[in-house]
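Heads up, model39.pdb below (PDB, C-alpha atoms and all ligand atoms):
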```
ATOM      1  CA  MET A 299     196.182 -47.823   8.423
ATOM      2  CA  LEU A 300     199.091 -45.882   6.982
ATOM      3  CA  TYR A 301     202.039 -45.445   9.310
ATOM      4  CA  PHE A 302     201.866 -41.662   9.254
ATOM      5  CA  LEU A 303     198.314 -41.789  10.524
ATOM      6  CA  ASP A 304     199.484 -43.548  13.678
ATOM      7  CA  THR A 305     198.937 -41.443  16.803
ATOM      8  CA  ALA A 306     202.625 -41.853  17.731
ATOM      9  CA  PHE A 307     203.619 -40.294  14.411
ATOM     10  CA  TRP A 308     202.002 -36.950  15.228
ATOM     11  CA  SER A 309     203.759 -36.711  18.573
ATOM     12  CA  HIS A 310     207.157 -36.530  16.848
ATOM     13  CA  LEU A 311     207.455 -33.005  15.493
ATOM     14  CA  GLU A 312     210.561 -33.847  13.441
ATOM     15  CA  TRP A 313     208.634 -36.656  11.660
ATOM     16  CA  VAL A 314     205.722 -34.310  11.009
ATOM     17  CA  ALA A 315     208.084 -31.623   9.633
ATOM     18  CA  LEU A 316     209.759 -34.184   7.365
ATOM     19  CA  PHE A 317     206.367 -35.467   6.232
ATOM     20  CA  VAL A 318     205.116 -31.935   5.414
ATOM     21  CA  ALA A 319     208.358 -31.165   3.526
ATOM     22  CA  SER A 320     208.020 -34.412   1.541
ATOM     23  CA  LEU A 321     204.378 -33.636   0.772
ATOM     24  CA  ALA A 322     205.377 -30.173  -0.452
ATOM     25  CA  VAL A 323     207.992 -31.690  -2.754
ATOM     26  CA  VAL A 324     205.440 -34.173  -4.146
ATOM     27  CA  ILE A 325     202.837 -31.424  -4.698
ATOM     28  CA  PHE A 326     205.455 -29.172  -6.318
ATOM     29  CA  ALA A 327     206.806 -31.987  -8.517
ATOM     30  CA  ARG A 328     203.264 -32.855  -9.622
ATOM     31  CA  TYR A 329     202.646 -29.189 -10.568
ATOM     32  CA  LEU A 330     205.908 -29.062 -12.542
ATOM     33  CA  ALA A 331     205.172 -32.368 -14.277
ATOM     34  CA  ILE A 332     201.618 -31.370 -15.306
ATOM     35  CA  SER A 333     202.813 -27.913 -16.456
ATOM     36  CA  VAL A 334     205.767 -29.176 -18.497
ATOM     37  CA  LEU A 335     203.772 -32.028 -20.026
ATOM     38  CA  TYR A 336     200.872 -29.752 -20.951
ATOM     39  CA  GLN A 337     203.231 -27.133 -22.408
ATOM     40  CA  PHE A 338     204.840 -29.845 -24.523
ATOM     41  CA  LEU A 339     201.480 -31.170 -25.719
ATOM     42  CA  VAL A 340     200.167 -27.708 -26.568
ATOM     43  CA  LYS A 341     203.286 -26.888 -28.578
ATOM     44  CA  LYS A 342     202.983 -30.175 -30.442
ATOM     45  CA  LEU A 343     199.268 -29.815 -31.100
ATOM     46  CA  ARG A 344     198.967 -26.037 -31.268
ATOM     47  CA  ALA A 345     197.503 -25.890 -34.762
ATOM     48  CA  LYS A 346     194.948 -28.531 -33.886
ATOM     49  CA  VAL A 347     193.909 -27.322 -30.471
ATOM     50  CA  SER A 348     193.619 -23.588 -31.057
ATOM     51  CA  HIS A 349     190.234 -22.304 -32.091
ATOM     52  CA  GLY A 350     191.201 -18.892 -33.313
ATOM     53  CA  THR A 351     191.229 -17.369 -29.856
ATOM     54  CA  THR A 352     194.788 -18.091 -28.834
ATOM     55  CA  PRO A 353     196.021 -14.857 -27.228
ATOM     56  CA  LYS A 354     198.265 -13.078 -29.702
ATOM     57  CA  LYS A 355     200.710 -10.961 -27.724
ATOM     58  CA  ARG A 356     202.631 -13.030 -25.234
ATOM     59  CA  THR A 357     205.430 -11.394 -23.309
ATOM     60  CA  ALA A 358     206.324 -14.030 -20.710
ATOM     61  CA  THR A 359     210.047 -14.026 -19.958
ATOM     62  CA  SER A 360     212.287 -16.585 -18.300
ATOM     63  CA  LYS A 361     212.484 -14.154 -15.349
ATOM     64  CA  GLN A 362     208.695 -14.317 -15.026
ATOM     65  CA  ILE A 363     208.719 -18.120 -15.195
ATOM     66  CA  LYS A 364     211.429 -18.321 -12.488
ATOM     67  CA  ARG A 365     209.334 -16.027 -10.281
ATOM     68  CA  GLU A 366     206.210 -18.123 -10.890
ATOM     69  CA  ILE A 367     207.993 -21.377 -10.027
ATOM     70  CA  THR A 368     209.416 -19.849  -6.828
ATOM     71  CA  TRP A 369     205.975 -18.693  -5.664
ATOM     72  CA  ALA A 370     204.563 -22.086  -6.647
ATOM     73  CA  PHE A 371     207.029 -23.765  -4.298
ATOM     74  CA  THR A 372     205.959 -21.624  -1.324
ATOM     75  CA  ALA A 373     202.311 -22.281  -2.260
ATOM     76  CA  SER A 374     203.087 -26.031  -2.309
ATOM     77  CA  LEU A 375     204.397 -25.735   1.259
ATOM     78  CA  VAL A 376     201.138 -24.096   2.364
ATOM     79  CA  PHE A 377     199.095 -26.784   0.583
ATOM     80  CA  ALA A 378     201.243 -29.470   2.273
ATOM     81  CA  VAL A 379     200.598 -28.048   5.758
ATOM     82  CA  LEU A 380     196.845 -28.040   5.076
ATOM     83  CA  VAL A 381     196.928 -31.594   3.665
ATOM     84  CA  ALA A 382     198.772 -32.753   6.806
ATOM     85  CA  LEU A 383     196.194 -31.024   9.035
ATOM     86  CA  SER A 384     193.423 -32.684   7.002
ATOM     87  CA  LEU A 385     195.032 -36.093   7.582
ATOM     88  CA  LEU A 386     195.222 -35.354  11.295
ATOM     89  CA  ALA A 387     191.521 -34.402  11.249
ATOM     90  CA  TYR A 388     190.747 -37.611   9.324
ATOM     91  CA  GLN A 389     192.643 -39.689  11.853
ATOM     92  CA  ASN A 390     190.576 -38.134  14.628
ATOM     93  CA  GLY A 391     187.300 -38.870  12.862
ATOM     94  CA  LEU A 392     186.551 -35.210  12.194
ATOM     95  CA  THR A 393     186.050 -35.531   8.435
ATOM     96  CA  GLN A 394     183.401 -37.141   6.234
ATOM     97  CA  VAL A 395     186.065 -38.744   3.996
ATOM     98  CA  TYR A 396     185.345 -42.447   3.505
ATOM     99  CA  THR A 397     187.331 -45.312   2.010
ATOM    100  CA  ASP A 398     184.623 -48.019   1.865
ATOM    101  CA  ILE A 399     182.744 -47.411  -1.384
ATOM    102  CA  HIS A 400     179.614 -49.024   0.133
ATOM    103  CA  GLU A 401     179.372 -46.393   2.840
ATOM    104  CA  HIS A 402     177.317 -44.256   0.453
ATOM    105  CA  SER A 403     175.488 -45.118  -2.749
ATOM    106  CA  LEU A 404     177.325 -45.637  -6.013
ATOM    107  CA  THR A 405     175.386 -42.690  -7.455
ATOM    108  CA  TYR A 406     176.706 -40.475  -4.682
ATOM    109  CA  PHE A 407     180.246 -41.744  -5.296
ATOM    110  CA  PHE A 408     180.065 -40.317  -8.825
ATOM    111  CA  VAL A 409     177.982 -37.222  -8.002
ATOM    112  CA  SER A 410     180.113 -36.050  -5.066
ATOM    113  CA  PRO A 411     183.019 -34.693  -7.204
ATOM    114  CA  ALA A 412     180.557 -32.585  -9.221
ATOM    115  CA  LEU A 413     179.067 -31.297  -5.975
ATOM    116  CA  MET A 414     182.551 -30.436  -4.686
ATOM    117  CA  LEU A 415     183.474 -28.633  -7.904
ATOM    118  CA  VAL A 416     180.273 -26.562  -7.826
ATOM    119  CA  LEU A 417     180.798 -25.636  -4.163
ATOM    120  CA  TYR A 418     184.455 -24.754  -4.785
ATOM    121  CA  GLU A 419     183.536 -22.690  -7.836
ATOM    122  CA  SER A 420     181.160 -20.584  -5.724
ATOM    123  CA  TYR A 421     183.690 -20.236  -2.926
ATOM    124  CA  TYR A 422     186.449 -19.247  -5.344
ATOM    125  CA  TYR A 423     184.366 -16.742  -7.320
ATOM    126  CA  TRP A 424     183.509 -14.713  -4.205
ATOM    127  CA  LEU A 425     186.971 -15.131  -2.686
ATOM    128  CA  HIS A 426     188.400 -13.882  -5.981
ATOM    129  CA  ARG A 427     186.057 -10.837  -6.038
ATOM    130  CA  TRP A 428     187.122 -10.079  -2.463
ATOM    131  CA  MET A 429     190.813 -10.460  -3.333
ATOM    132  CA  HIS A 430     190.356  -7.755  -5.970
ATOM    133  CA  LEU A 431     189.347  -5.163  -3.365
ATOM    134  CA  PRO A 432     192.258  -2.683  -3.605
ATOM    135  CA  ARG A 433     193.201  -2.971   0.078
ATOM    136  CA  VAL A 434     193.284  -6.778  -0.146
ATOM    137  CA  PHE A 435     194.709  -7.071  -3.666
ATOM    138  CA  LYS A 436     198.110  -5.578  -2.928
ATOM    139  CA  HIS A 437     198.760  -7.957  -0.012
ATOM    140  CA  VAL A 438     197.196 -11.164  -1.321
ATOM    141  CA  HIS A 439     196.441 -11.422  -5.031
ATOM    142  CA  LYS A 440     199.003  -9.090  -6.671
ATOM    143  CA  VAL A 441     201.593 -11.870  -6.899
ATOM    144  CA  HIS A 442     199.347 -13.901  -9.202
ATOM    145  CA  HIS A 443     198.571 -10.855 -11.358
ATOM    146  CA  GLU A 444     202.213  -9.931 -11.868
ATOM    147  CA  SER A 445     201.919 -12.345 -14.797
ATOM    148  CA  THR A 446     199.920 -10.373 -17.362
ATOM    149  CA  SER A 447     200.879 -12.994 -19.957
ATOM    150  CA  PRO A 448     200.240 -16.130 -17.904
ATOM    151  CA  THR A 449     202.076 -19.376 -18.593
ATOM    152  CA  VAL A 450     201.471 -22.941 -17.476
ATOM    153  CA  PHE A 451     203.673 -22.096 -14.485
ATOM    154  CA  THR A 452     201.344 -19.253 -13.384
ATOM    155  CA  ALA A 453     198.818 -21.924 -12.387
ATOM    156  CA  PHE A 454     200.278 -22.242  -8.852
ATOM    157  CA  SER A 455     201.962 -18.846  -8.615
ATOM    158  CA  PHE A 456     200.279 -17.540  -5.475
ATOM    159  CA  HIS A 457     201.256 -15.542  -2.420
ATOM    160  CA  PRO A 458     201.180 -17.902   0.621
ATOM    161  CA  ILE A 459     198.138 -16.051   2.011
ATOM    162  CA  GLU A 460     196.246 -16.596  -1.230
ATOM    163  CA  ALA A 461     197.356 -20.249  -1.316
ATOM    164  CA  PHE A 462     195.997 -20.647   2.219
ATOM    165  CA  LEU A 463     192.688 -18.920   1.444
ATOM    166  CA  GLN A 464     192.162 -21.010  -1.675
ATOM    167  CA  PHE A 465     193.014 -24.373  -0.141
ATOM    168  CA  ILE A 466     191.418 -23.947   3.310
ATOM    169  CA  PHE A 467     188.124 -24.674   1.542
ATOM    170  CA  PHE A 468     189.044 -28.378   1.360
ATOM    171  CA  PRO A 469     189.818 -29.149   5.033
ATOM    172  CA  ALA A 470     186.584 -27.266   5.823
ATOM    173  CA  VAL A 471     184.352 -28.910   3.224
ATOM    174  CA  ILE A 472     185.478 -32.484   3.950
ATOM    175  CA  MET A 473     184.248 -32.007   7.510
ATOM    176  CA  LEU A 474     180.749 -31.375   6.144
ATOM    177  CA  VAL A 475     180.387 -33.181   2.813
ATOM    178  CA  PRO A 476     181.088 -36.908   2.436
ATOM    179  CA  VAL A 477     183.566 -37.765  -0.305
ATOM    180  CA  HIS A 478     185.462 -40.942  -1.111
ATOM    181  CA  ALA A 479     189.257 -40.619  -0.703
ATOM    182  CA  VAL A 480     189.832 -41.681  -4.330
ATOM    183  CA  MET A 481     187.402 -39.055  -5.602
ATOM    184  CA  LEU A 482     189.076 -36.422  -3.427
ATOM    185  CA  ALA A 483     192.441 -37.244  -5.032
ATOM    186  CA  ALA A 484     190.788 -37.134  -8.479
ATOM    187  CA  ILE A 485     189.330 -33.672  -7.708
ATOM    188  CA  PHE A 486     192.783 -32.302  -6.817
ATOM    189  CA  LEU A 487     194.254 -33.724 -10.009
ATOM    190  CA  LEU A 488     191.419 -32.301 -12.099
ATOM    191  CA  LEU A 489     191.704 -28.856 -10.474
ATOM    192  CA  SER A 490     195.468 -28.797 -11.102
ATOM    193  CA  PHE A 491     194.900 -29.771 -14.726
ATOM    194  CA  PHE A 492     192.214 -27.082 -15.196
ATOM    195  CA  ALA A 493     194.525 -24.480 -13.622
ATOM    196  CA  VAL A 494     197.301 -25.291 -16.086
ATOM    197  CA  VAL A 495     194.882 -25.338 -19.055
ATOM    198  CA  ASN A 496     193.514 -21.917 -18.068
ATOM    199  CA  HIS A 497     196.948 -20.300 -17.859
ATOM    200  CA  ALA A 498     198.656 -21.909 -20.859
ATOM    201  CA  GLY A 499     197.773 -19.188 -23.364
ATOM    202  CA  ALA A 500     196.447 -21.696 -25.901
ATOM    203  CA  GLU A 501     192.744 -22.372 -26.225
ATOM    204  CA  ILE A 502     191.728 -26.023 -26.355
ATOM    205  CA  TYR A 503     187.970 -25.640 -25.888
ATOM    206  CA  SER A 504     185.535 -25.332 -28.769
ATOM    207  CA  ARG A 505     183.203 -22.316 -29.024
ATOM    208  CA  GLY A 506     180.378 -24.423 -27.580
ATOM    209  CA  MET A 507     182.441 -25.609 -24.602
ATOM    210  CA  ARG A 508     183.550 -22.039 -23.865
ATOM    211  CA  LYS A 509     179.952 -21.105 -23.115
ATOM    212  CA  PHE A 510     180.206 -22.952 -19.801
ATOM    213  CA  LEU A 511     183.905 -23.793 -19.360
ATOM    214  CA  ILE A 512     186.591 -21.216 -18.551
ATOM    215  CA  GLY A 513     189.564 -21.710 -20.832
ATOM    216  CA  ALA A 514     192.818 -19.939 -21.587
ATOM    217  CA  SER A 515     191.186 -17.102 -23.548
ATOM    218  CA  HIS A 516     188.678 -16.343 -20.789
ATOM    219  CA  HIS A 517     191.242 -16.365 -17.986
ATOM    220  CA  GLU A 518     193.880 -14.455 -19.947
ATOM    221  CA  ILE A 519     191.364 -11.596 -20.240
ATOM    222  CA  HIS A 520     191.190 -11.615 -16.439
ATOM    223  CA  HIS A 521     194.981 -11.353 -16.191
ATOM    224  CA  GLN A 522     194.962  -8.364 -18.562
ATOM    225  CA  GLN A 523     191.810  -6.476 -17.569
ATOM    226  CA  PHE A 524     191.664  -7.423 -13.848
ATOM    227  CA  ARG A 525     187.981  -6.479 -13.506
ATOM    228  CA  ALA A 526     186.286  -9.227 -15.465
ATOM    229  CA  ASN A 527     186.170 -13.040 -15.519
ATOM    230  CA  PHE A 528     186.558 -13.967 -11.860
ATOM    231  CA  GLY A 529     185.422 -17.581 -12.220
ATOM    232  CA  LEU A 530     187.709 -20.561 -11.768
ATOM    233  CA  ASN A 531     186.540 -23.293 -14.146
ATOM    234  CA  PHE A 532     182.928 -22.518 -15.043
ATOM    235  CA  THR A 533     181.427 -19.377 -16.525
ATOM    236  CA  GLY A 534     178.178 -19.548 -14.495
ATOM    237  CA  TRP A 535     178.966 -16.997 -11.791
ATOM    238  CA  ASP A 536     180.496 -14.491 -14.227
ATOM    239  CA  ILE A 537     177.429 -14.717 -16.466
ATOM    240  CA  PHE A 538     175.040 -14.464 -13.510
ATOM    241  CA  MET A 539     176.909 -11.518 -11.950
ATOM    242  CA  LYS A 540     177.516  -9.856 -15.340
ATOM    243  CA  THR A 541     181.287  -9.866 -14.856
ATOM    244  CA  GLU A 542     182.063 -11.837 -17.981
ATOM    245  CA  ARG A 543     184.101 -10.449 -20.893
ATOM    246  CA  THR A 544     184.820 -12.534 -23.959
ATOM    247  CA  GLU A 545     186.762  -9.925 -25.956
ATOM    248  CA  PRO A 546     190.492  -9.633 -25.223
ATOM    249  CA  THR A 547     190.505  -5.872 -25.892
ATOM    250  CA  GLY A 548     188.181  -2.973 -25.192
ATOM    251  CA  SER A 549     186.934  -1.055 -22.222
ATOM    252  CA  ASP A 550     185.634  -2.757 -19.135
ATOM    253  CA  LYS A 551     184.316   0.455 -17.633
ATOM    254  CA  ALA A 552     180.954  -1.186 -17.063
ATOM    255  CA  ILE A 553     182.493  -3.402 -14.423
ATOM    256  CA  GLN A 554     183.512  -1.619 -11.270
ATOM    257  CA  GLN A 555     185.871  -3.258  -8.837
ATOM    258  CA  LYS A 556     183.929  -3.199  -5.600
TER     259      LYS A 556
HETATM  260 ZN    ZN B 601     195.242 -16.779 -13.099
HETATM  261 ZN    ZN B 602     192.419 -12.040 -10.133
END
```
Show me the file's structure as structure tokens.
Ligand SMILES: [Zn+2]
Ligand SMILES: [Zn+2]
Amino acid sequence: MLYFLDTAFWSHLEWVALFVASLAVVIFARYLAISVLYQFLVKKLRAKVSHGTTPKKRTATSKQIKREITWAFTASLVFAVLVALSLLAYQNGLTQVYTDIHEHSLTYFFVSPALMLVLYESYYYWLHRWMHLPRVFKHVHKVHHESTSPTVFTAFSFHPIEAFLQFIFFPAVIMLVPVHAVMLAAIFLLLSFFAVVNHAGAEIYSRGMRKFLIGASHHEIHHQQFRANFGLNFTGWDIFMKTERTEPTGSDKAIQQK
């Protein structure tokens, strides 16, 4: 058992505070590393990866990027607190997280991340619709939408309340749905990667993939029009709820923010 999962560890508040701060730094550093690396790759491969839908007008400034990175750091702190609470719950046997691969079938081991992603997609879509209610938007989601030309650094640029609402899904779901610890880590990595891809302003998905995957073009329309494209990584909910727009310009009068 890891030393920080020892019961004695949690009784020392200064250790817990140091642990949460270290976790925040690791989460923040991981976000910066993925963002910078992806930005570099996209610049290198731009001609090859774009499929004619790369957003044309990009007005991101260094001031915007500084703001995004600052908000991302506060969001990392919120994520770190929730990760620490999840570890505490795990230590007390309150979660369904398992480390012995034989505890569930091998099929389940591979299916569980897909199940998690589908559940999170549904949670996020409706949370996102709710965050666009005018009375909620200004307090919770406005920070993320200050970037009308999103960058790779917009991926984690959230108000702490939004960061909490997004991430609280995970401590809750791991109490109900079994998932192997390695797969849980893989899900977080995948979600971070998707978030950066969707904010980078350069489309890497083919026309066929964009029918079911949300890419940079799809999400940039959300940042510009506000009332369409509420999904996180998959287009399913937007198609089903008729909130999808695939054109970067034009009226979205048909979609009313409820
Ligand atoms: Zn966004
Ligand atoms: Zn939004």
- Message: Show me which residues are within 10 Å of ligand ZN 601 (chain B) counting only C-alpha atoms and all ligand atoms, and format the list as a count of residues only.
- Response: 29
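Shortest separation to ligand ZN 602 (chain B) among A:Val441, A:Ala331, A:Ile325, A:Leu311 occurs at residue A:Val441, atoms counted being all atoms listed in the file.
Nearest-residue note for ligand ZN 602 (chain B): choosing from A:Ala322, A:Ala315, A:Met429, A:Ile367, the minimum distance belongs to A:Met429, counting all atoms listed in the file.
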- In Å, how far is it from atom CA of Phe326 of chain A to atom CA of Leu375 of chain A? 8.4 Å
- Distance query 12 Å from (180.2, -19.1, -14.7) using all atoms listed in the file, result as a PyMOL selection string: chain A and resi 416+419-420+422-424+508-513+516-517+526-543
- For each of A:Tyr406, A:Trp428, A:Phe462, A:Tyr418, take the minimum atom-to-atom distance to ligand ZN 602 (chain B), counting all atoms listed in the file, then give the residue where this is smallest. A:Trp428
- Message: With the PyMOL selection byres (((chain A and resi 308) around 12) and not hetatm) as the selection, what would be picked from this file? Answer as an NGL selection string, please.
- Response: :A and (301-307 or 309-318 or 382-383 or 385-387 or 389-390)
- What is the atom CA of Val340 of chain A to atom CA of Ser360 of chain A distance in Å? 18.4 Å
- Item | atom CA of Ala319 of chain A to atom CA of Ser333 of chain A, distance in Å rounded to a single decimal | 21.0 Å
- For ligand ZN 602 (chain B), the nearest of the candidates A:Phe465, A:Tyr388, A:Phe435, A:Phe408, counting only C-alpha atoms and all ligand atoms: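 Nearest to ligand ZN 602 (chain B): A:Phe435.
For the residues A:Val438, A:Val475, A:Val334, A:Tyr329, ranking by smallest atom-to-atom distance to Leu425 of chain A using all atoms listed in the file places A:Val438 first.
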- Which is closest to Ile472 of chain A among A:Met414, A:Lys341, A:Ala373, A:Leu488, if we use all atoms listed in the file?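 Nearest to Ile472 of chain A: A:Met414.
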- Got a sec to resolve the PyMOL selection byres (((chain A and resi 458) around 8) and not hetatm) on this structure and send the residues as a PyMOL selection string? chain A and resi 369+372-373+376+456-457+459-462
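If you apply the PyMOL selection byres (((chain A and resi 486) around 12) and not hetatm) to this structure, you end up with Ile325, Arg328, Tyr329, Phe377, Val381, Pro411, Met414, Leu415, Tyr418, Phe465, Phe468, Ala479, Val480, Met481, Leu482, Ala483, Ala484, Ile485, Leu487, Leu488, Leu489, Ser490, Phe491, Phe492 and Ala493 of chain A.
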